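Worksheet for the structure shown next.
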Amino acid sequence: MNSKAEETQSISMEFDLPHAPAKVWRALTEPALLAKWLMPTDMQLLVGKAFTFKSPAPPSASWDGIVGCEMQEIEPHKRLRYSWAGGGLDSTVVTWTLTPTESGGTLLRLEHSGFRPGKGEARFFEGAKQGWQWMAGQRLGQVLAEVP
Amino acid sequence: MLSEDRVFRALADPSRRAIFERLTKGEAAVRDLIPRAGISQPAVSQHLAVLREAGLVAERREGRLVYYRVRPTGLRPLVDWIAHYQAFWVDRAERLRALLKEMDE
């Protein structure tokens, strides 16, 4: 342990999609579409508006499977940012950035920031544990098997 | 039990977390940990055993005393947990890809 314990970590990844930004934007913002690939949600495109993602199958008795969010930034077809808090993970932020590609597709960038590793509060550890179990329950084994 | 699970279980308990955080400040024997933890010696010893099994602390014997210290690599599973979250997004992105394709049809 050292002073770096207070630093946060983030995940970032990029996806090269053969679809126009307008269409990708719909998949990122329309609840009916979000339910099909991420989770059921009551998201509204209003900055400052609170919304949730609800896991269809609650992951454990002690966590309801709800991710609490607040919309932070909306730039249609370009950028979407919201806070992401669930199971005690209370200060992460998800940012989607859409960049048109020459071929008419979209370079979609995801940044999930604000993870606090190291010594944290009970809620962090409890949330991390439950979050992990929750995700592991969702076909993750398959994906993890492919990770070298 | 998976190593992540052991670490999370070990640190989910407030007394164990307090003991672990105390040890991040330096090596200590059980008797040094009792006043701070506010619990009995057997309880402290039991907590230390759980922390040791989770790979979070190591021990060193010196005469009749056992000294405990933090194993810096013990928190590795937490970093791995971030990797699990990364896998979650990779998984979801695959679904997104499939959905976008479906929207064309």
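Each chain in the structure tokens gets a letter, A, B and so on, in the order shown; residues start at 1 in every chain, and ligands are counted from 1 in the order they appear.
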
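What chain B places within 6 Å of chain A, counting only C-alpha atoms, is B:Phe8, B:Ala12, B:Thr24, B:Arg95, B:Leu96.
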
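Remark: for Glu70 of chain A, the closest of the candidate residues A:Ala85, A:Leu98, A:Leu107, A:Ala32 is A:Ala85 (distances computed over only C-alpha atoms).
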
Write out as an mmCIF file with N, CA and C atoms, in the first residue's frame which residues come within 9 Å of segment 60-73 of chain B when counting only C-alpha atoms, dropping same-chain ones fewer than 5 positions away.
```cif
data_model
loop_
_atom_site.group_PDB
_atom_site.id
_atom_site.type_symbol
_atom_site.label_atom_id
_atom_site.label_comp_id
_atom_site.auth_asym_id
_atom_site.auth_seq_id
_atom_site.Cartn_x
_atom_site.Cartn_y
_atom_site.Cartn_z
ATOM 1 N N MET A 1 0.840 -1.198 0.000
ATOM 2 C CA MET A 1 0.000 0.000 0.000
ATOM 3 C C MET A 1 0.873 1.244 0.000
ATOM 4 N N PHE B 20 -6.312 -4.580 8.741
ATOM 5 C CA PHE B 20 -5.525 -4.513 7.499
ATOM 6 C C PHE B 20 -4.984 -3.094 7.284
ATOM 7 N N GLU B 21 -5.841 -2.111 7.512
ATOM 8 C CA GLU B 21 -5.408 -0.727 7.294
ATOM 9 C C GLU B 21 -4.323 -0.330 8.292
ATOM 10 N N LEU B 23 -2.126 -2.371 9.435
ATOM 11 C CA LEU B 23 -0.902 -3.027 8.971
ATOM 12 C C LEU B 23 -0.287 -2.336 7.752
ATOM 13 N N THR B 24 -1.103 -1.584 7.012
ATOM 14 C CA THR B 24 -0.529 -0.859 5.871
ATOM 15 C C THR B 24 0.447 0.208 6.362
ATOM 16 N N LYS B 25 0.331 0.542 7.654
ATOM 17 C CA LYS B 25 1.235 1.567 8.214
ATOM 18 C C LYS B 25 2.516 0.952 8.746
ATOM 19 N N GLY B 26 2.573 -0.375 8.805
ATOM 20 C CA GLY B 26 3.793 -1.033 9.260
ATOM 21 C C GLY B 26 3.510 -2.336 9.969
ATOM 22 N N GLU B 27 4.568 -3.134 10.094
ATOM 23 C CA GLU B 27 4.474 -4.446 10.731
ATOM 24 C C GLU B 27 4.003 -4.312 12.178
ATOM 25 N N ALA B 28 3.231 -5.284 12.634
ATOM 26 C CA ALA B 28 2.747 -5.246 14.016
ATOM 27 C C ALA B 28 2.483 -6.656 14.534
ATOM 28 N N ALA B 29 2.602 -6.798 15.870
ATOM 29 C CA ALA B 29 2.272 -8.073 16.510
ATOM 30 C C ALA B 29 0.812 -8.010 16.963
ATOM 31 N N VAL B 30 0.253 -9.170 17.281
ATOM 32 C CA VAL B 30 -1.158 -9.229 17.673
ATOM 33 C C VAL B 30 -1.452 -8.256 18.815
ATOM 34 N N LEU B 48 -6.728 -12.182 11.641
ATOM 35 C CA LEU B 48 -5.437 -12.238 10.956
ATOM 36 C C LEU B 48 -5.315 -13.512 10.126
ATOM 37 N N GLY B 55 -4.346 -14.003 1.408
ATOM 38 C CA GLY B 55 -3.111 -13.526 0.785
ATOM 39 C C GLY B 55 -2.844 -12.058 1.034
#
```

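Of the listed residues (B:Leu75, B:Leu99, B:Val7, B:Ile34), B:Val7 comes nearest to Glu53 of chain B; the distances count only C-alpha atoms.
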
### Task
Could you please write out, as a PyMOL selection string, every residue of chain B that DSSP assigns to helix (DSSP H, G or I)?
chain B and resi 3-12+14-23+30-37+41-53+72-104

### Task
Quote the spacing between atom CA of Glu75 of chain A and atom CA of Ile82 of chain B in Å to one decimal place.
27.8 Å

### Query
Hey, what does DSSP flag as strand (DSSP E) within chain B? Can you give it to me as a PyMOL selection string?
chain B and resi 28-29+57-62+65-70

### Message
Residues within 7 Å of Val47 of chain A, please, as a count of residues only. Count only C-alpha atoms; anything in the same chain fewer than 2 positions from it doesn't count.
### Response
6

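Interatomic distance, atom CA of Gly105 of chain A to atom CA of Thr29 of chain A: 17.8 Å.
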
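Picture a line from atom CA of Arg92 of chain B to atom CA of Gln44 of chain A; it runs 20.5 Å.
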
### Query
Using only C-alpha atoms, which of the listed residues (A:Thr52, A:Thr106, A:Ser113, A:Thr41) sits closest to Val93 of chain A?
A:Ser113
